Each structure stands twice: as C-alpha cells, then as structure tokens.
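Chemist: If it helps, the file is called upload_39.pdb and holds PDB, C-alpha atoms and all ligand atoms:
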ATOM      1  CA  MET A   1      -2.690 -23.360   0.064  1.00  0.00           C
ATOM      2  CA  SER A   2      -0.560 -22.398  -2.941  1.00  0.00           C
ATOM      3  CA  ASP A   3      -3.535 -22.469  -5.308  1.00  0.00           C
ATOM      4  CA  THR A   4      -4.736 -19.150  -6.656  1.00  0.00           C
ATOM      5  CA  PRO A   5      -7.671 -17.995  -4.536  1.00  0.00           C
ATOM      6  CA  PRO A   6     -10.872 -16.814  -6.210  1.00  0.00           C
ATOM      7  CA  ILE A   7     -10.436 -13.082  -6.833  1.00  0.00           C
ATOM      8  CA  ASP A   8     -13.363 -10.742  -7.418  1.00  0.00           C
ATOM      9  CA  VAL A   9     -12.916  -7.274  -8.843  1.00  0.00           C
ATOM     10  CA  ILE A  10     -15.161  -4.871  -6.936  1.00  0.00           C
ATOM     11  CA  PRO A  11     -16.196  -2.019  -9.244  1.00  0.00           C
ATOM     12  CA  VAL A  12     -15.838   1.018  -6.962  1.00  0.00           C
ATOM     13  CA  MET A  13     -16.463   2.910 -10.203  1.00  0.00           C
ATOM     14  CA  PRO A  14     -17.489   1.102 -13.432  1.00  0.00           C
ATOM     15  CA  PHE A  15     -15.372   0.184 -16.484  1.00  0.00           C
ATOM     16  CA  GLY A  16     -12.282  -0.433 -14.377  1.00  0.00           C
ATOM     17  CA  MET A  17     -11.978   3.241 -13.438  1.00  0.00           C
ATOM     18  CA  VAL A  18     -11.579   2.364  -9.739  1.00  0.00           C
ATOM     19  CA  ASN A  19     -11.076  -1.226  -8.568  1.00  0.00           C
ATOM     20  CA  ALA A  20     -10.993  -2.908  -5.180  1.00  0.00           C
ATOM     21  CA  PHE A  21     -10.490  -6.677  -4.822  1.00  0.00           C
ATOM     22  CA  LEU A  22     -11.884  -9.472  -2.696  1.00  0.00           C
ATOM     23  CA  MET A  23      -9.981 -12.730  -2.251  1.00  0.00           C
ATOM     24  CA  THR A  24     -11.881 -15.737  -0.948  1.00  0.00           C
ATOM     25  CA  THR A  25      -9.996 -18.320   1.073  1.00  0.00           C
ATOM     26  CA  GLY A  26     -10.856 -21.346   3.145  1.00  0.00           C
ATOM     27  CA  LYS A  27     -10.792 -19.072   6.169  1.00  0.00           C
ATOM     28  CA  GLY A  28     -13.065 -16.295   4.901  1.00  0.00           C
ATOM     29  CA  ALA A  29     -12.280 -13.275   2.753  1.00  0.00           C
ATOM     30  CA  VAL A  30      -9.579 -10.628   2.476  1.00  0.00           C
ATOM     31  CA  LEU A  31     -10.425  -7.202   1.075  1.00  0.00           C
ATOM     32  CA  ILE A  32      -7.815  -5.204  -0.809  1.00  0.00           C
ATOM     33  CA  ASP A  33      -8.831  -1.559  -0.612  1.00  0.00           C
ATOM     34  CA  ALA A  34     -12.094  -0.145   0.650  1.00  0.00           C
ATOM     35  CA  GLY A  35     -12.967   2.216  -2.196  1.00  0.00           C
ATOM     36  CA  LEU A  36     -14.596   5.620  -2.075  1.00  0.00           C
ATOM     37  CA  PRO A  37     -16.935   6.510   0.812  1.00  0.00           C
ATOM     38  CA  GLY A  38     -20.157   4.541   0.279  1.00  0.00           C
ATOM     39  CA  SER A  39     -18.416   1.592  -1.403  1.00  0.00           C
ATOM     40  CA  GLU A  40     -19.391  -0.727   1.462  1.00  0.00           C
ATOM     41  CA  ARG A  41     -22.559  -1.605  -0.463  1.00  0.00           C
ATOM     42  CA  ARG A  42     -20.527  -2.925  -3.398  1.00  0.00           C
ATOM     43  CA  VAL A  43     -18.302  -4.902  -1.042  1.00  0.00           C
ATOM     44  CA  GLU A  44     -21.363  -6.423   0.608  1.00  0.00           C
ATOM     45  CA  VAL A  45     -22.834  -7.451  -2.769  1.00  0.00           C
ATOM     46  CA  THR A  46     -19.544  -9.145  -3.674  1.00  0.00           C
ATOM     47  CA  LEU A  47     -19.411 -10.994  -0.341  1.00  0.00           C
ATOM     48  CA  ARG A  48     -23.016 -12.177  -0.788  1.00  0.00           C
ATOM     49  CA  ARG A  49     -22.282 -13.477  -4.289  1.00  0.00           C
ATOM     50  CA  ARG A  50     -19.636 -15.671  -2.674  1.00  0.00           C
ATOM     51  CA  GLY A  51     -22.172 -16.853  -0.104  1.00  0.00           C
ATOM     52  CA  MET A  52     -20.541 -14.815   2.649  1.00  0.00           C
ATOM     53  CA  ALA A  53     -21.507 -12.066   5.070  1.00  0.00           C
ATOM     54  CA  TRP A  54     -19.633  -9.220   6.782  1.00  0.00           C
ATOM     55  CA  SER A  55     -18.610 -11.577   9.563  1.00  0.00           C
ATOM     56  CA  ASP A  56     -16.589 -13.628   7.030  1.00  0.00           C
ATOM     57  CA  LEU A  57     -14.259 -10.741   6.293  1.00  0.00           C
ATOM     58  CA  ARG A  58     -10.897 -11.520   7.984  1.00  0.00           C
ATOM     59  CA  LEU A  59      -8.729  -8.581   6.963  1.00  0.00           C
ATOM     60  CA  VAL A  60      -8.867  -5.229   5.167  1.00  0.00           C
ATOM     61  CA  ILE A  61      -5.610  -4.206   3.486  1.00  0.00           C
ATOM     62  CA  ILE A  62      -5.456  -0.530   2.544  1.00  0.00           C
ATOM     63  CA  THR A  63      -2.845  -0.104  -0.194  1.00  0.00           C
ATOM     64  CA  HIS A  64      -2.491   3.633   0.441  1.00  0.00           C
ATOM     65  CA  GLY A  65      -4.243   6.590   1.983  1.00  0.00           C
ATOM     66  CA  HIS A  66      -6.025   8.146  -1.001  1.00  0.00           C
ATOM     67  CA  ILE A  67      -9.805   8.575  -0.767  1.00  0.00           C
ATOM     68  CA  ASP A  68     -10.542   6.164  -3.638  1.00  0.00           C
ATOM     69  CA  HIS A  69      -8.785   3.334  -1.741  1.00  0.00           C
ATOM     70  CA  ALA A  70      -9.312   4.211   1.934  1.00  0.00           C
ATOM     71  CA  GLY A  71     -12.576   6.173   1.861  1.00  0.00           C
ATOM     72  CA  ALA A  72     -14.905   3.425   3.121  1.00  0.00           C
ATOM     73  CA  ALA A  73     -12.425   1.654   5.425  1.00  0.00           C
ATOM     74  CA  ALA A  74     -13.832   3.006   8.699  1.00  0.00           C
ATOM     75  CA  ARG A  75     -17.371   2.003   7.752  1.00  0.00           C
ATOM     76  CA  ILE A  76     -16.325  -1.454   6.553  1.00  0.00           C
ATOM     77  CA  ARG A  77     -14.588  -2.114   9.868  1.00  0.00           C
ATOM     78  CA  GLU A  78     -17.760  -1.064  11.708  1.00  0.00           C
ATOM     79  CA  LEU A  79     -19.803  -3.500   9.639  1.00  0.00           C
ATOM     80  CA  SER A  80     -17.368  -6.422   9.642  1.00  0.00           C
ATOM     81  CA  GLY A  81     -15.149  -6.073  12.687  1.00  0.00           C
ATOM     82  CA  ALA A  82     -12.230  -6.989  10.399  1.00  0.00           C
ATOM     83  CA  PRO A  83      -8.875  -5.417  11.285  1.00  0.00           C
ATOM     84  CA  ILE A  84      -7.311  -2.862   8.962  1.00  0.00           C
ATOM     85  CA  VAL A  85      -3.657  -3.086   7.934  1.00  0.00           C
ATOM     86  CA  LEU A  86      -1.848  -0.089   6.505  1.00  0.00           C
ATOM     87  CA  HIS A  87       1.716   1.198   6.198  1.00  0.00           C
ATOM     88  CA  GLN A  88       2.760   3.720   8.795  1.00  0.00           C
ATOM     89  CA  ASP A  89       3.913   6.224   6.161  1.00  0.00           C
ATOM     90  CA  ASP A  90       0.322   6.666   4.916  1.00  0.00           C
ATOM     91  CA  ALA A  91      -1.303   6.629   8.355  1.00  0.00           C
ATOM     92  CA  ASP A  92      -1.613  10.422   8.542  1.00  0.00           C
ATOM     93  CA  TYR A  93      -3.603  10.476   5.291  1.00  0.00           C
ATOM     94  CA  CYS A  94      -6.084   8.119   6.975  1.00  0.00           C
ATOM     95  CA  ARG A  95      -6.259  10.409  10.006  1.00  0.00           C
ATOM     96  CA  GLY A  96      -7.410  13.334   7.858  1.00  0.00           C
ATOM     97  CA  LYS A  97      -4.199  14.938   6.623  1.00  0.00           C
ATOM     98  CA  PRO A  98      -4.544  16.018   2.962  1.00  0.00           C
ATOM     99  CA  PRO A  99      -2.275  13.978   0.666  1.00  0.00           C
ATOM    100  CA  VAL A 100       0.785  15.300  -1.162  1.00  0.00           C
ATOM    101  CA  LEU A 101      -0.321  15.473  -4.796  1.00  0.00           C
ATOM    102  CA  ARG A 102       2.368  15.720  -7.474  1.00  0.00           C
ATOM    103  CA  PRO A 103       0.582  15.607 -10.844  1.00  0.00           C
ATOM    104  CA  THR A 104       2.104  13.410 -13.528  1.00  0.00           C
ATOM    105  CA  GLY A 105       0.527  15.393 -16.360  1.00  0.00           C
ATOM    106  CA  THR A 106      -2.292  17.613 -17.530  1.00  0.00           C
ATOM    107  CA  PHE A 107      -5.072  15.357 -16.269  1.00  0.00           C
ATOM    108  CA  GLY A 108      -3.525  15.265 -12.807  1.00  0.00           C
ATOM    109  CA  ARG A 109      -3.209  19.057 -12.724  1.00  0.00           C
ATOM    110  CA  LEU A 110      -6.851  19.529 -13.760  1.00  0.00           C
ATOM    111  CA  PHE A 111      -8.012  16.748 -11.428  1.00  0.00           C
ATOM    112  CA  ARG A 112      -6.170  18.308  -8.483  1.00  0.00           C
ATOM    113  CA  LYS A 113      -8.051  21.572  -9.087  1.00  0.00           C
ATOM    114  CA  THR A 114     -11.363  19.779  -8.518  1.00  0.00           C
ATOM    115  CA  GLY A 115     -10.214  19.007  -4.958  1.00  0.00           C
ATOM    116  CA  ALA A 116     -11.875  15.571  -5.239  1.00  0.00           C
ATOM    117  CA  ILE A 117      -8.845  13.562  -4.173  1.00  0.00           C
ATOM    118  CA  GLU A 118      -8.301  15.817  -1.153  1.00  0.00           C
ATOM    119  CA  SER A 119     -11.903  15.547   0.057  1.00  0.00           C
ATOM    120  CA  PRO A 120     -12.092  14.410   3.659  1.00  0.00           C
ATOM    121  CA  PHE A 121     -13.292  10.867   4.328  1.00  0.00           C
ATOM    122  CA  PRO A 122     -14.167   9.159   7.627  1.00  0.00           C
ATOM    123  CA  PRO A 123     -10.787   8.938   9.384  1.00  0.00           C
ATOM    124  CA  PHE A 124      -9.491   5.805  11.077  1.00  0.00           C
ATOM    125  CA  GLU A 125      -6.576   4.290  12.921  1.00  0.00           C
ATOM    126  CA  ALA A 126      -5.166   1.060  11.529  1.00  0.00           C
ATOM    127  CA  ASP A 127      -5.256  -2.043  13.712  1.00  0.00           C
ATOM    128  CA  ARG A 128      -1.886  -3.071  12.337  1.00  0.00           C
ATOM    129  CA  LEU A 129       0.691  -0.610  11.012  1.00  0.00           C
ATOM    130  CA  LEU A 130       3.566  -1.876   8.876  1.00  0.00           C
ATOM    131  CA  ILE A 131       6.776  -0.022   9.651  1.00  0.00           C
ATOM    132  CA  GLY A 132       9.684   0.502   7.252  1.00  0.00           C
ATOM    133  CA  ASP A 133      10.300  -2.580   5.120  1.00  0.00           C
ATOM    134  CA  GLU A 134       8.257  -4.827   7.384  1.00  0.00           C
ATOM    135  CA  THR A 135       6.244  -7.454   5.509  1.00  0.00           C
ATOM    136  CA  MET A 136       3.102  -9.259   6.582  1.00  0.00           C
ATOM    137  CA  ASP A 137       2.578 -12.964   5.928  1.00  0.00           C
ATOM    138  CA  LEU A 138      -1.012 -13.729   4.911  1.00  0.00           C
ATOM    139  CA  ALA A 139      -0.886 -17.427   5.905  1.00  0.00           C
ATOM    140  CA  SER A 140      -3.165 -16.824   8.894  1.00  0.00           C
ATOM    141  CA  CYS A 141      -5.839 -15.669   6.408  1.00  0.00           C
ATOM    142  CA  GLY A 142      -5.404 -18.832   4.330  1.00  0.00           C
ATOM    143  CA  LEU A 143      -3.291 -17.173   1.629  1.00  0.00           C
ATOM    144  CA  SER A 144       0.206 -17.937   0.341  1.00  0.00           C
ATOM    145  CA  GLY A 145       1.525 -14.426  -0.018  1.00  0.00           C
ATOM    146  CA  HIS A 146       2.699 -11.267   1.657  1.00  0.00           C
ATOM    147  CA  VAL A 147       1.974  -7.584   2.024  1.00  0.00           C
ATOM    148  CA  LEU A 148       5.067  -5.619   0.971  1.00  0.00           C
ATOM    149  CA  HIS A 149       6.078  -1.972   1.277  1.00  0.00           C
ATOM    150  CA  THR A 150       6.241  -0.630  -2.303  1.00  0.00           C
ATOM    151  CA  PRO A 151       6.654   3.137  -1.954  1.00  0.00           C
ATOM    152  CA  GLY A 152       6.473   5.673  -4.756  1.00  0.00           C
ATOM    153  CA  HIS A 153       2.873   6.495  -5.612  1.00  0.00           C
ATOM    154  CA  THR A 154       2.686   7.484  -1.948  1.00  0.00           C
ATOM    155  CA  LEU A 155       5.487   6.913   0.527  1.00  0.00           C
ATOM    156  CA  GLY A 156       3.418   4.335   2.409  1.00  0.00           C
ATOM    157  CA  SER A 157       2.004   2.389  -0.547  1.00  0.00           C
ATOM    158  CA  VAL A 158       1.904  -1.381  -0.144  1.00  0.00           C
ATOM    159  CA  SER A 159       1.359  -4.205  -2.631  1.00  0.00           C
ATOM    160  CA  ILE A 160       0.189  -7.750  -2.072  1.00  0.00           C
ATOM    161  CA  LEU A 161       2.204 -10.461  -3.815  1.00  0.00           C
ATOM    162  CA  LEU A 162       0.843 -13.999  -3.861  1.00  0.00           C
ATOM    163  CA  ASP A 163       3.160 -16.973  -4.309  1.00  0.00           C
ATOM    164  CA  ASP A 164       1.402 -17.795  -7.615  1.00  0.00           C
ATOM    165  CA  GLY A 165       2.748 -14.515  -9.111  1.00  0.00           C
ATOM    166  CA  THR A 166      -0.380 -12.392  -8.722  1.00  0.00           C
ATOM    167  CA  ALA A 167       0.530  -8.862  -7.633  1.00  0.00           C
ATOM    168  CA  PHE A 168      -1.990  -6.316  -6.405  1.00  0.00           C
ATOM    169  CA  ALA A 169       0.052  -3.237  -7.253  1.00  0.00           C
ATOM    170  CA  SER A 170      -2.601  -0.594  -6.578  1.00  0.00           C
ATOM    171  CA  ASP A 171      -1.537   2.769  -8.081  1.00  0.00           C
ATOM    172  CA  LEU A 172       2.112   2.002  -8.840  1.00  0.00           C
ATOM    173  CA  VAL A 173       0.883   1.850 -12.430  1.00  0.00           C
ATOM    174  CA  ALA A 174      -2.468   2.499 -14.085  1.00  0.00           C
ATOM    175  CA  SER A 175      -3.834   1.801 -17.562  1.00  0.00           C
ATOM    176  CA  GLY A 176      -6.537   3.159 -19.809  1.00  0.00           C
ATOM    177  CA  ILE A 177      -7.436   6.833 -20.134  1.00  0.00           C
ATOM    178  CA  LEU A 178      -8.019   9.749 -17.728  1.00  0.00           C
ATOM    179  CA  LEU A 179      -8.182   8.351 -14.162  1.00  0.00           C
ATOM    180  CA  GLY A 180      -7.682   4.874 -15.665  1.00  0.00           C
ATOM    181  CA  GLY A 181      -9.846   2.108 -17.074  1.00  0.00           C
ATOM    182  CA  LEU A 182     -12.496   2.749 -19.764  1.00  0.00           C
ATOM    183  CA  VAL A 183     -10.525   1.909 -22.936  1.00  0.00           C
ATOM    184  CA  LEU A 184      -6.898   1.016 -23.806  1.00  0.00           C
ATOM    185  CA  ARG A 185      -6.791  -0.947 -20.574  1.00  0.00           C
ATOM    186  CA  ASN A 186      -3.786  -2.990 -21.659  1.00  0.00           C
ATOM    187  CA  ARG A 187      -1.675   0.146 -22.111  1.00  0.00           C
ATOM    188  CA  PRO A 188       0.237   1.140 -18.962  1.00  0.00           C
ATOM    189  CA  LYS A 189       0.276   4.744 -17.884  1.00  0.00           C
ATOM    190  CA  ARG A 190       1.207   6.784 -14.858  1.00  0.00           C
ATOM    191  CA  PRO A 191      -1.658   7.498 -12.448  1.00  0.00           C
ATOM    192  CA  PRO A 192      -2.645  11.178 -12.119  1.00  0.00           C
ATOM    193  CA  PHE A 193      -0.339  11.634  -9.100  1.00  0.00           C
ATOM    194  CA  GLU A 194       2.983  10.191  -7.975  1.00  0.00           C
ATOM    195  CA  GLU A 195       4.970  11.331  -4.974  1.00  0.00           C
ATOM    196  CA  ASP A 196       8.238   9.810  -6.300  1.00  0.00           C
ATOM    197  CA  PRO A 197       8.380   8.244  -9.803  1.00  0.00           C
ATOM    198  CA  ARG A 198      11.858   6.768  -9.241  1.00  0.00           C
ATOM    199  CA  GLN A 199      10.635   4.918  -6.193  1.00  0.00           C
ATOM    200  CA  VAL A 200       7.679   3.702  -8.281  1.00  0.00           C
ATOM    201  CA  ALA A 201      10.099   2.226 -10.842  1.00  0.00           C
ATOM    202  CA  ASN A 202      12.122   0.538  -8.074  1.00  0.00           C
ATOM    203  CA  SER A 203       9.000  -0.866  -6.426  1.00  0.00           C
ATOM    204  CA  LEU A 204       7.664  -2.295  -9.696  1.00  0.00           C
ATOM    205  CA  GLN A 205      11.070  -3.825 -10.417  1.00  0.00           C
ATOM    206  CA  ARG A 206      11.134  -5.367  -6.941  1.00  0.00           C
ATOM    207  CA  LEU A 207       7.752  -7.008  -7.582  1.00  0.00           C
ATOM    208  CA  LEU A 208       9.093  -8.437 -10.860  1.00  0.00           C
ATOM    209  CA  ASP A 209      12.265  -9.657  -9.126  1.00  0.00           C
ATOM    210  CA  LEU A 210      10.131 -11.387  -6.505  1.00  0.00           C
ATOM    211  CA  GLY A 211       8.211 -13.273  -9.190  1.00  0.00           C
ATOM    212  CA  ALA A 212       5.168 -11.148 -10.066  1.00  0.00           C
ATOM    213  CA  THR A 213       3.661 -12.293 -13.367  1.00  0.00           C
ATOM    214  CA  ARG A 214       0.320 -10.480 -13.476  1.00  0.00           C
ATOM    215  CA  PHE A 215      -0.540  -7.104 -12.058  1.00  0.00           C
ATOM    216  CA  LEU A 216      -4.011  -6.240 -10.772  1.00  0.00           C
ATOM    217  CA  ILE A 217      -4.231  -2.491 -10.294  1.00  0.00           C
ATOM    218  CA  GLY A 218      -6.483   0.202  -8.886  1.00  0.00           C
ATOM    219  CA  HIS A 219      -7.293   1.960 -12.153  1.00  0.00           C
ATOM    220  CA  GLY A 220      -7.553  -0.147 -15.328  1.00  0.00           C
ATOM    221  CA  GLY A 221      -5.566  -3.338 -15.808  1.00  0.00           C
ATOM    222  CA  PRO A 222      -4.710  -6.111 -15.480  1.00  0.00           C
ATOM    223  CA  LEU A 223      -1.192  -5.820 -16.875  1.00  0.00           C
ATOM    224  CA  GLY A 224       1.494  -8.390 -17.678  1.00  0.00           C
ATOM    225  CA  VAL A 225       5.240  -8.533 -17.172  1.00  0.00           C
ATOM    226  CA  ASP A 226       6.188  -6.998 -20.547  1.00  0.00           C
ATOM    227  CA  GLN A 227       3.892  -4.025 -20.063  1.00  0.00           C
ATOM    228  CA  VAL A 228       5.255  -3.365 -16.579  1.00  0.00           C
ATOM    229  CA  ARG A 229       8.856  -3.654 -17.816  1.00  0.00           C
ATOM    230  CA  TRP A 230       8.106  -1.138 -20.556  1.00  0.00           C
ATOM    231  CA  HIS A 231       6.568   1.225 -17.995  1.00  0.00           C
ATOM    232  CA  ILE A 232       9.591   0.950 -15.665  1.00  0.00           C
ATOM    233  CA  GLY A 233      11.832   1.938 -18.588  1.00  0.00           C
ATOM    234  CA  ARG A 234       9.674   4.950 -19.282  1.00  0.00           C
ATOM    235  CA  LEU A 235       9.794   6.071 -15.636  1.00  0.00           C
ATOM    236  CA  ARG A 236      13.575   5.693 -15.549  1.00  0.00           C
ATOM    237  CA  ARG A 237      13.935   7.909 -18.610  1.00  0.00           C
ATOM    238  CA  LEU A 238      12.010  10.770 -17.032  1.00  0.00           C
ATOM    239  CA  PRO A 239      14.020  13.972 -16.731  1.00  0.00           C
ATOM    240  CA  SER A 240      15.018  14.697 -13.134  1.00  0.00           C
ATOM    241  CA  TRP A 241      12.911  17.859 -13.029  1.00  0.00           C
ATOM    242  CA  ALA A 242       9.825  15.680 -13.428  1.00  0.00           C
ATOM    243  CA  ASP A 243      10.307  14.572  -9.813  1.00  0.00           C
ATOM    244  CA  ARG A 244       9.549  18.035  -8.591  1.00  0.00           C
ATOM    245  CA  SER A 245       6.702  19.087 -10.892  1.00  0.00           C
ATOM    246  CA  THR A 246       3.815  20.490  -8.919  1.00  0.00           C
TER
HETATM  247 ZN    ZN A 301      -3.689   6.767  -5.288  1.00  0.00          ZN
HETATM  248 ZN    ZN A 302      -6.221   5.440  -6.893  1.00  0.00          ZN
END
Could the structure of this file be written out as structure tokens, please?
Modeler:
Amino acid sequence: MSDTPPIDVIPVMPFGMVNAFLMTTGKGAVLIDAGLPGSERRVEVTLRRRGMAWSDLRLVIITHGHIDHAGAAARIRELSGAPIVLHQDDADYCRGKPPVLRPTGTFGRLFRKTGAIESPFPPFEADRLLIGDETMDLASCGLSGHVLHTPGHTLGSVSILLDDGTAFASDLVASGILLGGLVLRNRPKRPPFEEDPRQVANSLQRLLDLGATRFLIGHGGPLGVDQVRWHIGRLRRLPSWADRST
C-alpha cells in the first residue's frame, strides 16, 4: 500500500492554469478538488480513461472553498454518491458565503475586480468536516497518507500528504504567470489571494518537516523541495503590512 498510486492531473483549465487530481487505488478513486462548475465532465473523462465510472469514486477531498476548487463538488456528489471531506473553517464558503480575498499583488487586485472568484457556485454541506488540527487517514481508501489542516491561503485549507512524499498543496503556493500555469511553471509564486501569508509559510514548512518531497499544486507546478524552501523564505521576509493589504 506504500507504493505511489497512479495520479492523473485533471485540467480544469488548460496549461496547468487550474488543476484537480485523481488518484487511483485498489479500492477505487479519490478526487482532490472538484474544479469550477461544469468540471464534472473532465472528471468523468479521467475516470473513464482509468476504466472506471462514477460509482468507483470513493472520496472527494475539497482543499478549500474557492470556486475553482469547490465549484463542481455538489454535482460530482450527485453523480457519484462519494462523500465530500472539507475543513470546518472553509465550510461557510461552500454554503455560499463570499470568500475573504486579500490580494497578493496587482494581478490579484485586478482579478478581484472581475468578481469571478466570488461568483456563487452550487452550495453543499460536507459529509465529513475536519475540525481544528484533526487529520484524516486515507487507509480506508487504499492510500498511505493523510489529509492535514494547512491554513494560510484560506483558514480552512487542507493538503494531502502521501507517505511516499507526494504533497497535494493546493494554493499554498502557485507557479507560472497570472493565475498560474502557462509558462515558468517551475518558478514558485504566491497565488492571487492569501488570507495569511505567515500561516502559508508555516504550513509549507510543516509539509517539508513531515517529509514532502514533491508538491502538486492547484495552479502550475509541480514544485520540488528547493523551490518550496525558497518560497517560504520569501514569505517570511514580507513586511508586516503585507498581511493587511486589501
Ligand atoms: Zn484558492
Ligand atoms: Zn485556486
């Protein structure tokens, strides 16, 4: 069970701009993030390529409550019957509350003005809410790994860390240009929004301390240990006023 499972990148948007992930195990499949509303078609194509159907989906892990990660979750549960796990601190975003958006730079400020990231998506209640620092063992899904609370991008962000060192770090870090992806995908950057950059640095460091060696992320990537270390250093050098920029 300690072998690395087959991992498919689901292109929610092309060129790595928005990624979701499907892990195949001996017991079915586990979906990491649901993508934008309408992404269920891309998930279905990925399942079919693995010779599976909706009924093979065992679990849907939503890394955080932004529309590009949670937007199709309600629909995917309708189609698959798979339970959704989420951290309690992002549950309100999945019930329709607009997210707190603290831009990390010019692109984030312009992007926020479009209102795209605050667009409503079909709301849902999680089947399993993680509370505080609670972790979730994925052994029952045939995976050696855990879901961990890694706050910072949002207060309820979670990451998945497999025992082989693969970390699904969602939006703790991005790479590429603009939203992420496209080009320069091996260059780490901050995503357009971060609720608390210092928490982001601590969460990334915790993943490294726990043995993460490769980082699969929501926008761009993948990234390695050296790139993530460099990014943590950059976050820790941010002036304190950067925490409150709006
Ligand atoms: Zn996000
Ligand atoms: Zn995102």
Chemist: With all atoms listed in the file as the atoms that count, which of A:Leu31, A:Leu86, A:Leu178, A:Val100 lies nearest to His149 in chain A?
Modeler: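 So, comparing all the options, the nearest one is A:Leu86.
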Chemist: Which of these residues is nearest to ligand ZN 301 (chain A), using all atoms listed in the file: A:Arg206, A:Arg187, A:Arg102, A:Arg109?
Modeler: A:Arg102
Chemist: List the neighbours of Met52 in chain A out to 12 Å using all atoms listed in the file; skip same-chain residues closer than 4 positions along the sequence, and give me the result as a list in words.
Modeler: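 Close residues of Met52 in chain A: Leu22, Met23, Thr24, Thr25, Gly26, Lys27, Gly28, Ala29, Val30, Val43, Glu44, Val45, Thr46, Leu47, Arg48, Asp56, Leu57, Arg58 and Ser80 of chain A.
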Chemist: Set out as JSON lines a contact list for range 15-133 of chain A and range 165-173 of chain A with a cut-off of 10 Å, giving each residue of range 15-133 of chain A that qualifies its closest atom pair and distance in Å to one decimal, counting all atoms listed in the file, ordered by chain and rising residue number.
Modeler:
{"residue": "A:Val18", "atom": "CA", "partner": "A:Ser170", "partner_atom": "CA", "distance": 10.0}
{"residue": "A:Asn19", "atom": "CA", "partner": "A:Ser170", "partner_atom": "CA", "distance": 8.7}
{"residue": "A:Ala20", "atom": "CA", "partner": "A:Ser170", "partner_atom": "CA", "distance": 8.8}
{"residue": "A:Phe21", "atom": "CA", "partner": "A:Phe168", "partner_atom": "CA", "distance": 8.7}
{"residue": "A:Ile32", "atom": "CA", "partner": "A:Phe168", "partner_atom": "CA", "distance": 8.2}
{"residue": "A:Asp33", "atom": "CA", "partner": "A:Ser170", "partner_atom": "CA", "distance": 8.7}
{"residue": "A:Ile62", "atom": "CA", "partner": "A:Ser170", "partner_atom": "CA", "distance": 9.6}
{"residue": "A:Thr63", "atom": "CA", "partner": "A:Ser170", "partner_atom": "CA", "distance": 6.4}
{"residue": "A:His64", "atom": "CA", "partner": "A:Ser170", "partner_atom": "CA", "distance": 8.2}
{"residue": "A:His66", "atom": "CA", "partner": "A:Asp171", "partner_atom": "CA", "distance": 10.0}
{"residue": "A:His69", "atom": "CA", "partner": "A:Ser170", "partner_atom": "CA", "distance": 8.8}
Chemist: Using only C-alpha atoms and all ligand atoms, which residues of the polymer chains come no farther than 12 Å from ligand ZN 301 (chain A)? I'd like the answer as JSON, numbers by chain.
Modeler: {"A": [18, 19, 33, 35, 36, 62, 63, 64, 65, 66, 67, 68, 69, 70, 71, 90, 93, 99, 100, 101, 102, 103, 108, 117, 118, 151, 152, 153, 154, 155, 156, 157, 158, 169, 170, 171, 172, 173, 174, 179, 180, 190, 191, 192, 193, 194, 195, 217, 218, 219]}
Chemist: For ligand ZN 302 (chain A), which residue among A:Ile84, A:Val12, A:Ala73, A:Leu110 is the nearest when counting all atoms listed in the file?
Modeler: A:Val12
